[in-house]
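**Q** I have a structure here, written as structure tokens, and I will follow up with some questions on it.
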Amino acid sequence: DILIDISSFESKLLAKHFNDIIILTSKLTTKTDYSIQNSQKIRELSFEFVISIVESIPSLFVKDINNLKLYLDLLYKYALESETSNKEWSTPSAIAFSDLPTISEDNVRFTESIIDRLNSDLNNEVFIPILSEVVTALVSKDSTHCKYVGLISLSQVICYADNMKSVESIIPFVFNMLKHSDMKVRFAAANCIDELATTFQDEFTSKYVSQILPI
């Protein structure tokens, strides 16, 4: 907590050691032998320390794509550690799935909040292609949880996109995931469709009406 406070007024000093800070973050966030009660807090504070510096000096990531990609990779590894059982989804507390929160896992929720902050701080022309690359690799994995987390992030990519053309390549994949055997994956895919319809409105609905109506 103290380091995060320092980063708000000593960001230029910390920027000189940013590569070392990224390396330290990698070690802290992948370390798993902390005491149970401290593990999540220590690891999230490590991510928070990095982004607090970047929020003051965005060029640290804009001009160093490798560090940005490493940070995103670490962030998604952390997100994937948390998984809600299918039993919770098959017996939901809400009457309809549309009434359920999209994200129930704390790690995934934390990751989403960090991604939102990065999008606010970084140039879209730099950030969106890198985020899309990382997320596309995630959803291509066989793991249903990878697909679920990846689709949740695709919703963010869609929300940030300036035009539909920039995300059109992933739309067929999203529709295909509506047929997935896992309920969570289908729900996350439906959330993407909702975001596409909200963000691009008539442009999306008129072009994909034949695929939307069966949903």
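So you can find residues: chains in the structure tokens are A, B, ... in the order shown, residues in each start at 1, and ligands are numbered from 1 in order.
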Neighbours of segment 127-131 of chain A within 12 Å (only C-alpha atoms; same-chain residues fewer than 3 positions away dropped), as a VMD selection string?

**A** chain A and resid 58 to 59 61 to 73 75 to 76 112 115 to 124 134 to 138 150 153 to 162 166 to 167

**Q** Compare A:Asn163, A:Asn191, A:Ser39, A:Ser206 by their minimum atom-to-atom distance to Leu151 of chain A, counting only C-alpha atoms, and give me the closest one.

**A** A:Asn191

**Q** Need to verify the contact set: Leu24 of chain A, 9 Å, only C-alpha atoms, exclusion of same-chain residues closer than 5 positions in sequence. Can you return it as a list of chain:residue names?

**A**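 After dropping sequence-adjacent residues, the list is A:Asn19, A:Thr29, A:Ser46.
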
**Q** Kindly export the residues of the current selection with C-alpha atoms, as a PDB file, in the first residue's frame.

**A**
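Okay, selection_22.pdb is ready:
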```pdb
ATOM      1  CA  ASN A  19      11.685  -3.141 -16.141  1.00  0.00           C
ATOM      2  CA  THR A  29       2.013 -12.658  -8.840  1.00  0.00           C
ATOM      3  CA  SER A  46       1.562  -6.083  -7.142  1.00  0.00           C
TER       4      SER A  46
END
```

**Q** Run DSSP on the backbone and tell me which residues of chain A come out as helix (DSSP H, G or I); list them as a CSV table (one decimal) with C-alpha atoms, in the first residue's frame.

**A**
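And here is the file that came out, out-v8.csv:
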```csv
chain,number,residue,atom,x,y,z
A,2,ILE,CA,2.8,2.4,0.8
A,3,LEU,CA,4.5,1.8,-2.6
A,4,ILE,CA,1.3,2.5,-4.4
A,5,ASP,CA,1.0,5.8,-2.5
A,6,ILE,CA,4.6,6.7,-3.4
A,7,SER,CA,4.0,5.9,-7.0
A,11,SER,CA,6.3,8.0,-10.7
A,12,LYS,CA,9.3,9.5,-12.7
A,13,LEU,CA,11.8,8.0,-10.3
A,14,LEU,CA,10.0,4.6,-10.4
A,15,ALA,CA,9.9,4.7,-14.2
A,18,PHE,CA,10.2,0.0,-14.5
A,19,ASN,CA,11.7,-3.1,-16.1
A,20,ASP,CA,12.8,-4.4,-12.7
A,21,ILE,CA,9.4,-3.6,-11.3
A,22,ILE,CA,7.8,-5.8,-14.0
A,23,ILE,CA,10.2,-8.6,-13.3
A,24,LEU,CA,9.3,-8.3,-9.6
A,25,THR,CA,5.6,-8.3,-10.4
A,26,SER,CA,6.1,-11.5,-12.4
A,27,LYS,CA,7.6,-13.2,-9.4
A,28,LEU,CA,5.1,-11.9,-6.8
A,29,THR,CA,2.0,-12.7,-8.8
A,30,THR,CA,3.0,-16.2,-9.7
A,36,ILE,CA,-4.0,-18.1,2.3
A,37,GLN,CA,-5.3,-14.9,3.9
A,38,ASN,CA,-2.5,-12.8,2.4
A,39,SER,CA,-2.1,-14.4,-1.0
A,40,GLN,CA,-4.8,-12.6,-3.0
A,41,LYS,CA,-4.1,-9.2,-1.4
A,42,ILE,CA,-0.3,-9.3,-2.0
A,43,ARG,CA,-0.7,-10.4,-5.6
A,44,GLU,CA,-3.4,-7.8,-6.4
A,45,LEU,CA,-1.3,-5.1,-4.8
A,46,SER,CA,1.6,-6.1,-7.1
A,47,PHE,CA,-0.7,-5.5,-10.2
A,48,GLU,CA,-2.0,-2.3,-8.6
A,49,PHE,CA,1.6,-1.0,-8.1
A,50,VAL,CA,2.4,-1.4,-11.8
A,51,ILE,CA,-0.8,0.2,-13.1
A,52,SER,CA,-0.5,3.1,-10.7
A,53,ILE,CA,2.8,4.0,-12.3
A,54,VAL,CA,1.5,3.5,-15.8
A,55,GLU,CA,-1.5,5.8,-15.1
A,56,SER,CA,1.0,8.6,-14.4
A,59,SER,CA,4.3,5.7,-22.4
A,60,LEU,CA,5.9,3.0,-20.2
A,61,PHE,CA,3.5,0.5,-21.8
A,62,VAL,CA,2.8,2.4,-25.1
A,65,ILE,CA,4.8,-3.6,-26.0
A,66,ASN,CA,6.7,-6.6,-24.6
A,67,ASN,CA,6.2,-5.3,-21.0
A,68,LEU,CA,2.5,-4.7,-21.8
A,69,LYS,CA,2.1,-8.2,-23.1
A,70,LEU,CA,3.9,-9.7,-20.1
A,71,TYR,CA,1.7,-7.7,-17.7
A,72,LEU,CA,-1.5,-8.9,-19.5
A,73,ASP,CA,-0.3,-12.5,-19.6
A,74,LEU,CA,0.3,-12.4,-15.8
A,75,LEU,CA,-3.1,-10.8,-15.3
A,76,TYR,CA,-4.9,-13.5,-17.2
A,77,LYS,CA,-3.0,-16.3,-15.4
A,78,TYR,CA,-4.2,-14.8,-12.2
A,79,ALA,CA,-7.8,-14.6,-13.5
A,86,ASN,CA,-20.8,-25.7,-13.0
A,87,LYS,CA,-23.1,-26.8,-10.1
A,88,GLU,CA,-23.5,-23.1,-9.1
A,89,TRP,CA,-24.5,-22.3,-12.7
A,90,SER,CA,-26.9,-25.2,-13.0
A,97,PHE,CA,-29.5,-16.0,-16.3
A,98,SER,CA,-29.9,-12.5,-17.5
A,99,ASP,CA,-30.4,-11.5,-13.9
A,106,ASP,CA,-13.1,-12.3,-7.7
A,107,ASN,CA,-10.0,-12.8,-9.8
A,108,VAL,CA,-11.8,-12.3,-13.0
A,109,ARG,CA,-13.6,-9.2,-11.7
A,110,PHE,CA,-10.3,-7.8,-10.6
A,111,THR,CA,-8.7,-8.5,-14.0
A,112,GLU,CA,-11.7,-6.8,-15.7
A,113,SER,CA,-11.2,-3.7,-13.6
A,114,ILE,CA,-7.5,-3.5,-14.5
A,115,ILE,CA,-8.2,-3.9,-18.2
A,116,ASP,CA,-10.7,-1.0,-18.0
A,117,ARG,CA,-8.1,1.2,-16.4
A,118,LEU,CA,-5.5,0.3,-19.0
A,119,ASN,CA,-8.0,1.1,-21.8
A,120,SER,CA,-8.5,4.5,-20.2
A,121,ASP,CA,-4.8,5.3,-20.0
A,124,ASN,CA,-6.4,2.5,-28.4
A,125,GLU,CA,-4.3,1.9,-31.5
A,126,VAL,CA,-1.7,0.3,-29.2
A,127,PHE,CA,-3.7,-1.3,-26.5
A,128,ILE,CA,-6.7,-2.9,-28.4
A,129,PRO,CA,-4.5,-5.0,-30.9
A,130,ILE,CA,-2.4,-6.3,-28.0
A,131,LEU,CA,-5.4,-7.1,-25.8
A,132,SER,CA,-7.1,-8.8,-28.8
A,133,GLU,CA,-4.0,-10.9,-29.4
A,134,VAL,CA,-3.8,-12.1,-25.8
A,135,VAL,CA,-7.6,-12.8,-25.6
A,136,THR,CA,-7.7,-14.6,-28.9
A,137,ALA,CA,-5.0,-16.9,-27.7
A,138,LEU,CA,-7.0,-17.5,-24.5
A,139,VAL,CA,-10.2,-18.4,-26.2
A,144,THR,CA,-13.8,-24.2,-21.0
A,145,HIS,CA,-12.7,-21.8,-18.2
A,146,CYS,CA,-10.2,-20.2,-20.7
A,147,LYS,CA,-13.0,-19.7,-23.2
A,148,TYR,CA,-15.3,-18.2,-20.5
A,149,VAL,CA,-12.7,-15.7,-19.3
A,150,GLY,CA,-11.6,-15.0,-22.8
A,151,LEU,CA,-15.2,-14.3,-23.9
A,152,ILE,CA,-15.7,-12.0,-20.9
A,153,SER,CA,-12.7,-10.0,-22.1
A,154,LEU,CA,-13.9,-10.0,-25.7
A,155,SER,CA,-16.9,-8.1,-24.4
A,156,GLN,CA,-14.5,-5.5,-23.2
A,157,VAL,CA,-12.7,-5.4,-26.5
A,158,ILE,CA,-16.0,-4.9,-28.3
A,159,CYS,CA,-17.0,-2.1,-25.9
A,160,TYR,CA,-13.7,-0.3,-26.6
A,164,MET,CA,-17.4,-3.0,-36.0
A,165,LYS,CA,-14.9,-3.7,-38.7
A,166,SER,CA,-12.1,-3.9,-36.1
A,168,GLU,CA,-15.7,-8.4,-37.1
A,169,SER,CA,-13.2,-11.3,-37.3
A,170,ILE,CA,-14.2,-12.6,-33.9
A,171,ILE,CA,-18.0,-12.5,-34.5
A,172,PRO,CA,-18.3,-15.9,-36.1
A,173,PHE,CA,-16.4,-17.4,-33.2
A,174,VAL,CA,-18.7,-15.8,-30.7
A,175,PHE,CA,-21.8,-17.1,-32.4
A,176,ASN,CA,-20.3,-20.6,-32.5
A,177,MET,CA,-19.6,-20.5,-28.8
A,183,MET,CA,-23.3,-23.2,-19.7
A,184,LYS,CA,-20.8,-20.6,-18.6
A,185,VAL,CA,-19.2,-20.4,-22.0
A,186,ARG,CA,-22.7,-20.0,-23.7
A,187,PHE,CA,-23.6,-17.3,-21.2
A,188,ALA,CA,-20.3,-15.4,-21.8
A,189,ALA,CA,-20.9,-15.7,-25.6
A,190,ALA,CA,-24.4,-14.3,-25.2
A,191,ASN,CA,-23.0,-11.4,-23.2
A,192,CYS,CA,-20.7,-10.7,-26.2
A,193,ILE,CA,-23.7,-10.6,-28.6
A,194,ASP,CA,-25.4,-8.2,-26.2
A,195,GLU,CA,-22.4,-6.0,-26.2
A,196,LEU,CA,-22.1,-6.1,-30.0
A,197,ALA,CA,-25.8,-5.1,-30.4
A,198,THR,CA,-25.4,-2.3,-27.8
A,199,THR,CA,-22.2,-0.9,-29.2
A,200,PHE,CA,-22.9,-1.1,-32.9
A,201,GLN,CA,-26.7,-1.2,-32.9
A,202,ASP,CA,-28.3,-1.3,-36.4
A,203,GLU,CA,-25.0,-2.0,-38.1
A,204,PHE,CA,-24.7,-5.3,-36.2
A,205,THR,CA,-28.3,-6.3,-36.0
A,206,SER,CA,-29.1,-5.7,-39.7
A,207,LYS,CA,-26.1,-7.7,-40.8
A,209,VAL,CA,-30.2,-10.7,-38.0
A,210,SER,CA,-30.5,-14.3,-39.3
A,211,GLN,CA,-28.1,-15.5,-36.6
A,212,ILE,CA,-29.5,-13.4,-33.8
```
